[in-house]
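Coordinates as given in run_28.cif (mmCIF, C-alpha atoms):
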```
data_entry
#
loop_
_atom_site.label_atom_id
_atom_site.label_comp_id
_atom_site.auth_asym_id
_atom_site.auth_seq_id
_atom_site.Cartn_x
_atom_site.Cartn_y
_atom_site.Cartn_z
CA MET A 71 -19.34 13.85 21.81
CA ASP A 72 -22.22 13.39 19.37
CA VAL A 73 -20.19 11.36 16.86
CA GLN A 74 -22.74 11.59 14.06
CA SER A 75 -22.97 15.39 14.25
CA TYR A 76 -19.19 15.69 14.54
CA MET A 77 -18.53 13.46 11.51
CA HIS A 78 -21.12 15.17 9.34
CA GLY A 79 -19.55 18.51 10.23
CA VAL A 80 -16.18 17.11 9.15
CA GLY A 81 -17.74 15.88 5.92
CA ARG A 82 -19.36 19.21 5.05
CA ALA A 83 -16.12 21.05 5.67
CA ALA A 84 -14.18 18.54 3.55
CA ARG A 85 -16.60 18.86 0.65
CA ALA A 86 -16.29 22.65 0.69
CA ALA A 87 -12.50 22.42 0.93
CA SER A 88 -12.37 19.96 -1.98
CA ARG A 89 -13.84 22.59 -4.30
CA GLU A 90 -11.12 25.05 -3.31
CA LEU A 91 -8.39 22.45 -3.72
CA ALA A 92 -9.63 21.46 -7.16
CA ARG A 93 -8.79 24.96 -8.41
CA ALA A 94 -5.65 25.50 -6.28
CA ASP A 95 -2.53 26.09 -8.35
CA THR A 96 0.55 23.91 -8.19
CA ALA A 97 2.65 26.54 -6.43
CA ALA A 98 0.21 26.75 -3.52
CA LYS A 99 0.05 22.97 -3.11
CA ASN A 100 3.82 22.61 -3.28
CA GLY A 101 4.24 25.47 -0.82
CA ALA A 102 1.98 23.70 1.65
CA LEU A 103 3.92 20.45 1.26
CA GLU A 104 7.24 22.19 1.87
CA ALA A 105 5.85 23.96 4.94
CA MET A 106 4.50 20.67 6.31
CA ALA A 107 7.89 19.03 5.84
CA ALA A 108 9.66 21.90 7.64
CA ALA A 109 7.20 21.72 10.55
CA ILE A 110 7.69 17.97 10.90
CA GLU A 111 11.47 18.37 10.99
CA ARG A 112 11.22 21.19 13.52
CA ASP A 113 8.87 19.20 15.76
CA ARG A 114 10.83 15.95 15.53
CA ALA A 115 11.29 15.66 19.30
CA ARG A 116 7.61 16.28 19.97
CA LEU A 117 6.55 13.67 17.40
CA LEU A 118 8.93 11.07 18.83
CA ALA A 119 7.77 11.75 22.38
CA ALA A 120 4.12 11.39 21.37
CA ASN A 121 4.93 8.17 19.52
CA ALA A 122 6.82 6.78 22.51
CA GLU A 123 3.69 7.27 24.62
CA ASP A 124 1.59 5.49 21.97
CA VAL A 125 4.01 2.55 21.78
CA ALA A 126 4.20 2.20 25.56
CA GLU A 127 0.40 2.18 25.78
CA ALA A 128 0.16 -0.40 22.98
CA LYS A 129 2.58 -2.70 24.79
CA ARG A 130 0.66 -2.29 28.06
CA LYS A 131 -2.51 -3.33 26.25
CA GLY A 132 -0.76 -6.40 24.79
CA LEU A 133 -1.32 -5.50 21.14
CA GLU A 134 0.15 -7.84 18.53
CA PRO A 135 3.91 -7.48 17.94
CA ALA A 136 3.39 -6.84 14.20
CA LEU A 137 1.09 -3.91 14.99
CA VAL A 138 3.48 -2.51 17.60
CA ASP A 139 6.27 -2.77 15.02
CA ARG A 140 4.25 -0.76 12.50
CA LEU A 141 3.35 1.77 15.18
CA GLY A 142 6.93 2.66 16.09
CA LEU A 143 8.50 5.85 14.74
CA THR A 144 12.23 6.57 14.71
CA GLU A 145 14.27 9.66 13.88
CA LYS A 146 14.84 8.10 10.47
CA GLY A 147 11.09 7.66 10.13
CA VAL A 148 10.44 11.32 10.92
CA ALA A 149 13.06 12.33 8.35
CA SER A 150 11.42 9.99 5.82
CA MET A 151 8.02 11.62 6.37
CA ALA A 152 9.48 15.05 5.65
CA GLN A 153 11.42 13.73 2.67
CA GLY A 154 8.29 12.03 1.34
CA LEU A 155 6.36 15.30 1.40
CA ARG A 156 9.18 17.04 -0.45
CA GLU A 157 9.29 14.26 -3.04
CA ILE A 158 5.56 14.67 -3.61
CA ALA A 159 6.13 18.38 -4.11
CA GLN A 160 8.69 17.57 -6.81
CA LEU A 161 6.32 15.27 -8.71
CA PRO A 162 4.43 16.68 -11.70
CA ASP A 163 0.99 17.96 -10.79
CA PRO A 164 -1.48 15.65 -12.53
CA ILE A 165 -4.51 17.92 -12.17
CA GLY A 166 -5.63 19.56 -15.38
CA GLU A 167 -3.38 17.39 -17.53
CA ILE A 168 -4.97 16.94 -20.97
CA SER A 169 -4.26 13.85 -23.06
CA ASP A 170 -5.40 12.05 -26.21
CA MET A 171 -6.73 15.15 -27.97
CA ALA A 172 -7.87 14.24 -31.46
CA TYR A 173 -10.01 15.82 -34.20
CA ARG A 174 -13.25 14.10 -35.14
CA PRO A 175 -14.81 14.27 -38.62
CA SER A 176 -17.26 16.87 -37.30
CA GLY A 177 -14.37 19.22 -36.56
CA ILE A 178 -14.59 18.97 -32.76
CA GLN A 179 -11.57 17.94 -30.71
CA VAL A 180 -12.08 15.21 -28.09
CA GLY A 181 -9.65 14.44 -25.28
CA ARG A 182 -9.44 13.67 -21.59
CA MET A 183 -8.54 15.77 -18.57
CA ARG A 184 -7.23 14.46 -15.24
CA VAL A 185 -9.28 15.67 -12.26
CA PRO A 186 -9.44 15.00 -8.49
CA LEU A 187 -11.75 12.35 -7.05
CA GLY A 188 -13.05 14.88 -4.50
CA VAL A 189 -13.03 13.79 -0.83
CA ILE A 190 -11.05 10.73 0.23
CA GLY A 191 -11.64 9.01 3.56
CA ILE A 192 -8.66 7.02 4.82
CA ILE A 193 -8.99 4.57 7.72
CA TYR A 194 -5.75 3.10 9.03
CA GLU A 195 -4.13 1.32 11.95
CA ALA A 196 -0.74 2.03 13.54
CA ARG A 197 1.75 3.50 11.00
CA PRO A 198 1.70 7.21 11.95
CA ASN A 199 3.63 7.98 8.75
CA VAL A 200 0.38 7.35 6.87
CA THR A 201 -0.93 10.63 8.29
CA ALA A 202 1.77 12.62 6.51
CA ASP A 203 1.86 10.48 3.35
CA ALA A 204 -1.91 10.55 2.91
CA ALA A 205 -2.13 14.27 3.58
CA GLY A 206 0.57 14.99 1.02
CA LEU A 207 -0.77 12.75 -1.72
CA CYS A 208 -4.37 13.90 -1.33
CA LEU A 209 -3.32 17.54 -1.30
CA LYS A 210 -1.11 17.31 -4.40
CA SER A 211 -3.83 15.43 -6.29
CA GLY A 212 -6.37 18.13 -5.42
CA ASN A 213 -8.44 16.02 -3.00
CA ALA A 214 -9.65 16.85 0.49
CA ALA A 215 -8.79 14.13 3.01
CA ILE A 216 -10.53 12.82 6.11
CA LEU A 217 -8.01 10.71 8.04
CA ARG A 218 -9.10 8.33 10.76
CA GLY A 219 -6.08 6.72 12.38
CA GLY A 220 -6.22 3.96 14.98
CA SER A 221 -6.65 4.73 18.66
CA GLU A 222 -3.21 3.18 19.29
CA ALA A 223 -1.56 6.10 17.42
CA ILE A 224 -3.80 8.97 18.50
CA ARG A 225 -1.09 11.08 20.17
CA CYS A 226 1.40 10.91 17.31
CA ASN A 227 -1.27 11.33 14.64
CA GLN A 228 -2.56 14.51 16.26
CA ALA A 229 1.00 15.87 16.55
CA ILE A 230 1.54 15.25 12.83
CA ALA A 231 -1.88 16.77 12.08
CA ALA A 232 -0.77 20.01 13.73
CA CYS A 233 2.18 20.18 11.32
CA VAL A 234 -0.14 19.52 8.38
CA ARG A 235 -2.52 22.32 9.43
CA GLU A 236 0.43 24.68 9.77
CA GLY A 237 1.51 23.90 6.22
CA LEU A 238 -1.97 24.47 4.82
CA GLU A 239 -2.28 27.80 6.63
CA ALA A 240 1.13 28.94 5.40
CA ALA A 241 0.05 28.33 1.79
CA GLY A 242 -3.35 29.98 2.17
CA LEU A 243 -5.25 26.73 1.67
CA PRO A 244 -8.31 25.73 3.73
CA GLU A 245 -7.52 23.97 7.00
CA ALA A 246 -10.33 21.50 6.29
CA ALA A 247 -8.40 20.23 3.26
CA VAL A 248 -6.89 17.63 5.61
CA GLN A 249 -8.78 16.67 8.76
CA VAL A 250 -7.53 14.07 11.22
CA ILE A 251 -10.42 12.68 13.27
CA GLU A 252 -9.95 13.58 16.92
CA THR A 253 -12.15 10.92 18.51
CA THR A 254 -11.14 7.29 19.06
CA ASP A 255 -14.81 6.22 19.16
CA ARG A 256 -15.26 3.42 16.62
CA ALA A 257 -18.63 4.85 15.70
CA ALA A 258 -16.70 7.49 13.73
CA VAL A 259 -15.65 4.81 11.24
CA GLY A 260 -19.24 3.66 10.80
CA GLU A 261 -20.29 7.22 10.01
CA LEU A 262 -17.38 7.91 7.66
CA ILE A 263 -18.04 4.90 5.43
CA THR A 264 -21.69 5.81 4.93
CA MET A 265 -21.44 9.58 4.26
CA ARG A 266 -22.09 9.39 0.53
CA ASP A 267 -22.99 13.06 0.29
CA TYR A 268 -19.54 14.09 1.48
CA VAL A 269 -17.04 11.31 0.70
CA ASP A 270 -16.18 9.93 -2.75
CA VAL A 271 -13.85 7.02 -1.97
CA ILE A 272 -12.66 5.09 1.11
CA VAL A 273 -9.13 3.70 1.50
CA PRO A 274 -8.65 1.27 4.42
CA ARG A 275 -5.12 0.46 5.57
CA GLY A 276 -4.63 -2.08 8.31
CA GLY A 277 -5.30 -5.67 9.26
CA LYS A 278 -7.54 -8.06 7.40
CA GLY A 279 -10.33 -7.68 9.95
CA LEU A 280 -10.49 -3.92 9.47
CA ILE A 281 -10.45 -4.14 5.68
CA GLU A 282 -13.10 -6.88 5.58
CA ARG A 283 -15.35 -4.81 7.81
CA ILE A 284 -14.92 -1.68 5.69
CA SER A 285 -15.48 -3.59 2.45
CA ALA A 286 -18.65 -5.20 3.78
CA GLU A 287 -20.20 -2.14 5.42
CA SER A 288 -19.10 0.79 3.26
CA ARG A 289 -21.69 2.49 1.09
CA ILE A 290 -18.86 4.32 -0.68
CA PRO A 291 -16.41 2.80 -3.24
CA VAL A 292 -13.35 1.24 -1.55
CA ILE A 293 -9.74 0.96 -2.76
CA LYS A 294 -8.20 -1.94 -0.85
CA HIS A 295 -6.24 -5.13 -0.47
CA LEU A 296 -7.13 -7.82 2.06
CA ASP A 297 -4.00 -9.97 2.28
CA GLY A 298 -0.36 -9.81 1.28
CA VAL A 299 0.33 -13.48 0.61
CA CYS A 300 3.44 -12.85 -1.49
CA HIS A 301 5.54 -15.52 -3.21
CA VAL A 302 9.07 -15.88 -4.52
CA TYR A 303 9.61 -18.71 -7.01
CA ILE A 304 13.19 -19.91 -7.54
CA ASP A 305 13.39 -21.45 -11.00
CA ASP A 306 15.87 -24.17 -11.91
CA ARG A 307 17.46 -21.65 -14.27
CA ALA A 308 18.01 -19.11 -11.51
CA ASP A 309 21.36 -17.62 -10.58
CA LEU A 310 21.76 -19.22 -7.15
CA ASP A 311 23.50 -16.22 -5.57
CA LYS A 312 20.70 -13.91 -6.74
CA ALA A 313 18.10 -16.37 -5.52
CA ILE A 314 19.60 -16.56 -2.03
CA ARG A 315 19.87 -12.77 -1.69
CA ILE A 316 16.34 -12.19 -2.94
CA ALA A 317 14.68 -14.92 -0.86
CA ASP A 318 16.53 -13.73 2.24
CA ASN A 319 15.62 -10.05 1.74
CA ALA A 320 12.02 -10.72 0.72
CA LYS A 321 11.39 -12.45 4.05
CA THR A 322 13.75 -10.97 6.62
CA GLN A 323 14.24 -7.31 5.66
CA ARG A 324 11.02 -6.63 7.59
CA TYR A 325 8.42 -9.11 8.79
CA GLY A 326 5.29 -7.05 9.44
CA THR A 327 4.65 -5.59 5.96
CA CYS A 328 2.18 -6.58 3.27
CA ASN A 329 4.92 -7.05 0.64
CA THR A 330 6.97 -9.50 2.72
CA MET A 331 7.31 -12.98 1.20
CA GLU A 332 5.14 -15.52 3.01
CA THR A 333 5.65 -18.57 0.76
CA LEU A 334 8.83 -19.69 -0.99
CA LEU A 335 8.45 -21.92 -4.05
CA VAL A 336 11.54 -23.80 -5.30
CA HIS A 337 11.98 -25.86 -8.48
CA VAL A 338 12.64 -29.50 -7.64
CA THR A 339 15.98 -29.67 -9.47
CA ILE A 340 17.53 -26.69 -7.64
CA ALA A 341 15.93 -27.33 -4.24
CA SER A 342 18.74 -29.53 -2.91
CA ARG A 343 21.22 -26.68 -3.48
CA ALA A 344 19.08 -23.68 -2.56
CA LEU A 345 17.13 -24.86 0.49
CA PRO A 346 20.05 -25.85 2.79
CA LEU A 347 21.71 -22.47 2.18
CA LEU A 348 18.49 -20.56 2.82
CA ALA A 349 17.59 -22.71 5.84
CA GLN A 350 20.89 -21.76 7.47
CA ILE A 351 20.22 -18.06 6.89
CA TYR A 352 16.66 -18.31 8.18
CA ARG A 353 17.74 -20.33 11.22
CA GLU A 354 20.31 -17.67 12.15
CA LYS A 355 17.63 -14.99 11.88
CA GLY A 356 15.04 -16.92 13.88
CA VAL A 357 12.64 -17.70 11.04
CA GLU A 358 10.43 -20.76 11.57
CA LEU A 359 10.09 -22.89 8.41
CA ARG A 360 7.01 -24.92 7.51
CA GLY A 361 7.54 -27.13 4.50
CA CYS A 362 5.93 -29.68 2.22
CA GLU A 363 7.15 -33.29 2.34
CA ARG A 364 9.75 -32.79 -0.39
CA ALA A 365 11.11 -29.66 1.27
CA ARG A 366 11.33 -31.43 4.64
CA ALA A 367 13.20 -34.32 3.06
CA ILE A 368 15.93 -31.79 2.17
CA VAL A 369 15.81 -29.68 5.37
CA ASP A 370 14.60 -31.80 8.28
CA ILE A 371 14.26 -28.91 10.73
CA MET A 372 11.14 -27.72 8.91
CA LYS A 373 7.79 -28.27 10.55
CA PRO A 374 5.10 -29.90 8.40
CA ALA A 375 3.10 -27.33 6.44
CA THR A 376 -0.67 -27.56 6.57
CA GLU A 377 -3.16 -26.45 3.93
CA GLU A 378 -3.77 -23.30 5.99
CA ASP A 379 -0.09 -22.37 5.77
CA TRP A 380 -0.31 -21.84 2.02
CA TYR A 381 -3.02 -19.22 2.56
CA ALA A 382 -1.33 -17.55 5.54
CA GLU A 383 -0.15 -13.96 5.79
CA TYR A 384 2.06 -14.44 8.83
CA LEU A 385 3.44 -10.91 9.25
CA ALA A 386 5.95 -12.70 11.46
CA PRO A 387 9.24 -14.69 11.19
CA ILE A 388 7.45 -17.74 9.77
CA LEU A 389 7.83 -18.97 6.18
CA ALA A 390 6.00 -21.65 4.20
CA VAL A 391 8.20 -23.58 1.73
CA ARG A 392 7.08 -25.76 -1.17
CA VAL A 393 9.07 -27.68 -3.76
CA VAL A 394 7.34 -27.61 -7.18
CA ASP A 395 7.91 -29.54 -10.39
CA ASP A 396 8.11 -26.63 -12.83
CA LEU A 397 7.00 -23.10 -13.71
CA ASP A 398 3.44 -24.26 -14.41
CA ALA A 399 3.17 -25.72 -10.91
CA ALA A 400 4.51 -22.51 -9.39
CA ILE A 401 2.00 -20.36 -11.28
CA GLU A 402 -0.81 -22.74 -10.33
CA HIS A 403 0.13 -22.53 -6.65
CA ILE A 404 0.16 -18.71 -6.78
CA THR A 405 -3.18 -18.70 -8.59
CA VAL A 406 -4.83 -20.92 -5.96
CA TYR A 407 -3.27 -19.56 -2.77
CA GLY A 408 -2.06 -16.04 -3.58
CA SER A 409 -3.77 -12.75 -2.81
CA GLN A 410 -2.91 -10.92 -6.07
CA HIS A 411 -0.55 -8.61 -4.21
CA THR A 412 3.13 -9.16 -5.16
CA ASP A 413 4.89 -12.20 -6.59
CA ALA A 414 8.41 -12.70 -7.96
CA ILE A 415 10.38 -15.17 -10.06
CA VAL A 416 14.14 -15.66 -9.92
CA THR A 417 15.36 -16.97 -13.26
CA GLU A 418 17.88 -16.30 -16.03
CA ASP A 419 15.46 -17.69 -18.63
CA TYR A 420 13.93 -14.79 -20.55
CA THR A 421 11.00 -16.82 -21.90
CA ARG A 422 10.03 -18.09 -18.46
CA ALA A 423 10.32 -14.61 -17.00
CA ARG A 424 7.99 -13.27 -19.68
CA ARG A 425 5.48 -16.07 -18.99
CA PHE A 426 5.53 -15.32 -15.27
CA LEU A 427 4.96 -11.61 -15.89
CA ARG A 428 2.08 -12.33 -18.23
CA GLU A 429 0.34 -15.16 -16.40
CA VAL A 430 0.62 -14.25 -12.71
CA ASP A 431 -2.42 -12.09 -12.03
CA SER A 432 -1.09 -9.86 -9.24
CA SER A 433 -0.90 -6.11 -8.81
CA SER A 434 2.93 -6.28 -8.85
CA VAL A 435 4.88 -9.03 -10.63
CA MET A 436 8.68 -9.06 -10.49
CA VAL A 437 11.66 -10.73 -12.11
CA ASN A 438 14.90 -11.13 -10.12
CA ALA A 439 13.94 -8.62 -7.42
CA SER A 440 12.71 -8.73 -3.84
CA THR A 441 8.98 -8.36 -3.20
CA ARG A 442 9.90 -5.70 -0.62
CA PHE A 443 10.24 -3.20 -3.46
CA ALA A 444 6.44 -3.10 -3.89
CA ASP A 445 5.71 0.27 -2.37
CA GLY A 446 5.23 3.86 -3.45
CA PHE A 447 8.67 5.20 -2.58
CA GLU A 448 10.48 2.44 -4.46
CA TYR A 449 8.17 2.86 -7.47
CA GLY A 450 8.93 6.56 -7.72
CA LEU A 451 5.50 7.67 -6.52
CA GLY A 452 6.92 9.78 -3.69
CA ALA A 453 4.68 7.90 -1.27
CA GLU A 454 1.56 5.79 -1.51
CA ILE A 455 -1.94 5.90 -0.12
CA GLY A 456 -1.93 2.10 0.01
CA ILE A 457 -1.75 -0.99 -2.17
CA SER A 458 -4.73 -1.96 -4.28
CA THR A 459 -5.39 -5.50 -5.47
CA ASP A 460 -8.66 -4.38 -7.05
CA LYS A 461 -8.87 -4.38 -10.83
CA LEU A 462 -11.00 -1.29 -11.34
CA HIS A 463 -9.67 2.26 -11.15
CA ALA A 464 -6.38 1.72 -9.28
CA ARG A 465 -4.10 -1.32 -8.92
CA GLY A 466 -0.82 -1.76 -7.08
CA PRO A 467 0.74 1.10 -5.08
CA VAL A 468 -1.71 4.01 -5.26
CA GLY A 469 0.05 7.33 -5.82
CA LEU A 470 -1.06 10.62 -7.35
CA ASP A 471 -2.59 9.21 -10.54
CA GLY A 472 -4.54 6.63 -8.54
CA LEU A 473 -6.21 9.45 -6.62
CA THR A 474 -7.49 11.11 -9.78
CA SER A 475 -10.00 10.36 -12.48
CA LEU A 476 -10.39 11.28 -16.13
CA LYS A 477 -13.21 13.18 -17.74
CA TYR A 478 -13.80 13.77 -21.42
CA ILE A 479 -13.43 17.29 -22.75
CA VAL A 480 -14.60 18.61 -26.10
CA LEU A 481 -13.30 21.73 -27.93
CA GLY A 482 -15.38 23.12 -30.70
CA ASP A 483 -15.78 26.23 -32.84
CA GLY A 484 -19.53 26.42 -33.34
CA GLN A 485 -20.10 22.88 -34.57
CA ILE A 486 -23.61 21.42 -34.29
CA ARG A 487 -24.72 17.83 -34.76
CA THR A 488 -26.75 17.13 -37.87
#
```
Could I get this file's structure written as structure tokens?
Amino acid sequence: MDVQSYMHGVGRAARAASRELARADTAAKNGALEAMAAAIERDRARLLAANAEDVAEAKRKGLEPALVDRLGLTEKGVASMAQGLREIAQLPDPIGEISDMAYRPSGIQVGRMRVPLGVIGIIYEARPNVTADAAGLCLKSGNAAILRGGSEAIRCNQAIAACVREGLEAAGLPEAAVQVIETTDRAAVGELITMRDYVDVIVPRGGKGLIERISAESRIPVIKHLDGVCHVYIDDRADLDKAIRIADNAKTQRYGTCNTMETLLVHVTIASRALPLLAQIYREKGVELRGCERARAIVDIMKPATEEDWYAEYLAPILAVRVVDDLDAAIEHITVYGSQHTDAIVTEDYTRARRFLREVDSSSVMVNASTRFADGFEYGLGAEIGISTDKLHARGPVGLDGLTSLKYIVLGDGQIRT
């Protein structure tokens, strides 16, 4: 295959499709989403069989356990993909929404209209559900999508792509509105991230190496996050039962996700009560603990934490633990070592909770809740295209609004400027 010619053909088709999608009505987009969901449910067995082949191949190649975990698809996962598409269909259509209309002294009205970004290129590893989520979100927000999944998920991604194409055809929308790249040649990524004439934004989803490469080499704006170094801080005014539940769930509900807690911070005056209880839970679940000197003085089974541990995104049953003097020390630690992804405080002190919300500069900041809630489904977005820790355009879970832009509109009745 001539990868350059192939990718530029994909880009031209996507650009043409984006113009049709920008004027597609809500009923057509929702009809396509419903048809995609029905096709996925009907083809459940085929999707699972394709995924099983992908997983078996990944294990034979010795891929990292965290990646294999993200690659796996269950019957529940297939049902969730279909449900996610239906939830997107139920969300209000943002395209064409007009806001902030106001009269100016000249008599004109000035406001803003929400519009699609155009063509979105999404590069991702493992997680075959991204194929359905990304297709649905881009479609509903009026954008054409070019999806380049990892070679480890090629069989399942192509099976899902067939369901997506069926949905588009059923609704009378262009098949090129969602294209899943068919080649596993890595040169396709290099082409995609430089096709400025055809692609308006790039969204990478995957490991740090992938995202760093895309960020460094892309000639197109990128919506991204590099690391998910997420913290839970247990304040001395925390409800201990809440703190135990939250710290347990934030780490052990799932290990290989970007919103999993990687560092636990505990106020010095509650540490002697909280840490032994949590250490027992973590020990039973096979979580390795790496602690500071004060934490190890309370729980002696902890290994010594190094400076690198405070920066680490383990994506594994490993947890760094630090005892801190107060809220200021906790915020300072998060500022120095965090990745601006998701951080939580457990406290019954309203003033401290407000300070944490205001002063922790992350894309999601929580009070008395597990960091595992930081995703599109839990935020009511129907699904997400990814998490953004950038500060321009989109931040946090990126749903429909994050895939749109605003333009100014002016309504007049013959006014001229004097």
Give the answer as one residue: which of A:Leu470, A:Val234, A:Ala453, A:Ala83 has the shortest atom-to-atom distance to A:Gly212, using only C-alpha atoms?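 When distances to A:Gly212 are compared using only C-alpha atoms, the smallest one comes from A:Leu470.
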Would you compute the distance between atom CA of A:Arg266 and atom CA of A:Asp471? Give it in Å to one decimal.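 So the two atoms, atom CA of A:Arg266 and atom CA of A:Asp471, lie 22.4 Å apart.
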If the PyMOL selection byres ((chain A and resi 473) around 7) were run on this exact file, what residues would it hold? Put them as a PDB file with C-alpha atoms, in the frame of the given file.
```pdb
ATOM      1  CA  PRO A 186      -9.440  15.000  -8.490  1.00  0.00           C
ATOM      2  CA  LEU A 187     -11.750  12.350  -7.050  1.00  0.00           C
ATOM      3  CA  SER A 211      -3.830  15.430  -6.290  1.00  0.00           C
ATOM      4  CA  GLY A 469       0.050   7.330  -5.820  1.00  0.00           C
ATOM      5  CA  LEU A 470      -1.060  10.620  -7.350  1.00  0.00           C
ATOM      6  CA  ASP A 471      -2.590   9.210 -10.540  1.00  0.00           C
ATOM      7  CA  GLY A 472      -4.540   6.630  -8.540  1.00  0.00           C
ATOM      8  CA  THR A 474      -7.490  11.110  -9.780  1.00  0.00           C
TER       9      THR A 474
END
```
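Straight-line separation from atom CA of A:Asp163 to atom CA of A:Ala102: 13.7 Å.
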Considering only C-alpha atoms, state which residue in the set A:Ile263, A:Leu334, A:Arg225, A:Leu462 is at the smallest distance from A:Ala286.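 Among the listed residues, A:Ile263 lies closest to A:Ala286.
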With only C-alpha atoms as the counted atoms, please give the residues lying no more than 10 Å from A:Asn213, apart from itself and same-chain residues fewer than 6 positions off, as a ChimeraX atom specification. /A:84-85,87-92,185-190,205-207,247-248,270,473-474
Using the chain letters and numbers from this file, what does the PyMOL selection byres ((chain A and resi 315) around 12) select? Give the answer as a PDB file with C-alpha atoms, in the coordinates of the input.
```pdb
ATOM      1  CA  VAL A 302       9.070 -15.880  -4.520  1.00  0.00           C
ATOM      2  CA  ILE A 304      13.190 -19.910  -7.540  1.00  0.00           C
ATOM      3  CA  ALA A 308      18.010 -19.110 -11.510  1.00  0.00           C
ATOM      4  CA  ASP A 309      21.360 -17.620 -10.580  1.00  0.00           C
ATOM      5  CA  LEU A 310      21.760 -19.220  -7.150  1.00  0.00           C
ATOM      6  CA  ASP A 311      23.500 -16.220  -5.570  1.00  0.00           C
ATOM      7  CA  LYS A 312      20.700 -13.910  -6.740  1.00  0.00           C
ATOM      8  CA  ALA A 313      18.100 -16.370  -5.520  1.00  0.00           C
ATOM      9  CA  ILE A 314      19.600 -16.560  -2.030  1.00  0.00           C
ATOM     10  CA  ILE A 316      16.340 -12.190  -2.940  1.00  0.00           C
ATOM     11  CA  ALA A 317      14.680 -14.920  -0.860  1.00  0.00           C
ATOM     12  CA  ASP A 318      16.530 -13.730   2.240  1.00  0.00           C
ATOM     13  CA  ASN A 319      15.620 -10.050   1.740  1.00  0.00           C
ATOM     14  CA  ALA A 320      12.020 -10.720   0.720  1.00  0.00           C
ATOM     15  CA  LYS A 321      11.390 -12.450   4.050  1.00  0.00           C
ATOM     16  CA  THR A 322      13.750 -10.970   6.620  1.00  0.00           C
ATOM     17  CA  GLN A 323      14.240  -7.310   5.660  1.00  0.00           C
ATOM     18  CA  ALA A 344      19.080 -23.680  -2.560  1.00  0.00           C
ATOM     19  CA  LEU A 347      21.710 -22.470   2.180  1.00  0.00           C
ATOM     20  CA  LEU A 348      18.490 -20.560   2.820  1.00  0.00           C
ATOM     21  CA  ILE A 351      20.220 -18.060   6.890  1.00  0.00           C
ATOM     22  CA  TYR A 352      16.660 -18.310   8.180  1.00  0.00           C
ATOM     23  CA  VAL A 416      14.140 -15.660  -9.920  1.00  0.00           C
ATOM     24  CA  ASN A 438      14.900 -11.130 -10.120  1.00  0.00           C
ATOM     25  CA  ALA A 439      13.940  -8.620  -7.420  1.00  0.00           C
ATOM     26  CA  SER A 440      12.710  -8.730  -3.840  1.00  0.00           C
ATOM     27  CA  THR A 441       8.980  -8.360  -3.200  1.00  0.00           C
TER      28      THR A 441
END
```
How many Å lie between atom CA of A:Thr459 and atom CA of A:Thr327, rounded to one decimal?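 Interatomic distance, atom CA of A:Thr459 to atom CA of A:Thr327: 15.2 Å.
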When the PyMOL selection byres ((chain A and resi 134) around 12) is applied to the file above, which residues end up in the set, as a VMD selection string? chain A and resid 125 128 to 133 135 to 141 196 222 277 326 384 to 386
What lies within 12 Å of A:Phe447 using all atoms listed in the file, ignoring chain neighbours under 6 positions off, as a list in words?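 These residues fall inside the cut-off: Ser150, Met151, Gln153, Gly154, Leu155, Glu157, Ile158, Asp203, Ala453, Glu454, Ile455, Gly456, Pro467, Val468 and Gly469 of chain A.
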From the options A:Ala232, A:Ala120, A:Ile192, A:Leu243, which residue's atoms come nearest to A:Arg93, counting all atoms listed in the file?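 Once distances to A:Arg93 are computed over all atoms listed in the file, the minimum belongs to A:Leu243.
The residue set within 8 Å of A:Val357, counting only C-alpha atoms and dropping same-chain residues fewer than 2 places from it, reads Tyr352, Arg353, Glu354, Lys355, Leu359, Pro387, Ile388 and Leu389 of chain A.
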A:Arg487 surroundings by all atoms listed in the file, 12 Å radius, close-in-sequence under 2 positions cut, as a PyMOL selection string: chain A and resi 175-178+482+484-485
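Proximity to A:Val430 was assessed for A:Cys300, A:Glu363, A:Ala382, A:Ile479 counting only C-alpha atoms; the smallest distance is recorded for A:Cys300.
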Do a neighbour search on A:Ile230 at 12 Å with all atoms listed in the file, toss out local chain neighbours closer than 6 positions, and write the hits as a count of residues only. 39
Which one is closest to A:His295: A:Lys461, A:Arg366, A:Arg256, A:Arg82? Count only C-alpha atoms. A:Lys461
For A:Leu262, the closest of A:Ser288, A:Thr421, A:Thr144, A:Ser169 counting only C-alpha atoms is A:Ser288
Is there a way to get, as an NGL selection string, all residues within 12 Å of the point (8.3, -22.2, -3.6) in file coordinates, counting only C-alpha atoms? :A and (300-306 or 313 or 317 or 331-338 or 340-341 or 344-345 or 360-362 or 364-365 or 380 or 389-397 or 399-404 or 407 or 413-416)
As a compact mmCIF listing (two decimals), in the coordinates of the input, could you write out stretch 445-449 of chain A once it has been completed with N, CA and C atoms?
```
# COMPACT_ATOMS: atom_id res chain seq x y z
N ASP A 445 6.32 -0.84 -3.08
CA ASP A 445 5.71 0.27 -2.37
C ASP A 445 5.93 1.56 -3.14
N GLY A 446 5.23 2.61 -2.69
CA GLY A 446 5.23 3.86 -3.45
C GLY A 446 6.59 4.51 -3.59
N PHE A 447 7.37 4.56 -2.51
CA PHE A 447 8.67 5.20 -2.58
C PHE A 447 9.55 4.51 -3.61
N GLU A 448 9.61 3.19 -3.56
CA GLU A 448 10.48 2.44 -4.46
C GLU A 448 10.00 2.50 -5.91
N TYR A 449 8.72 2.76 -6.12
CA TYR A 449 8.17 2.86 -7.47
C TYR A 449 8.24 4.28 -8.02
```
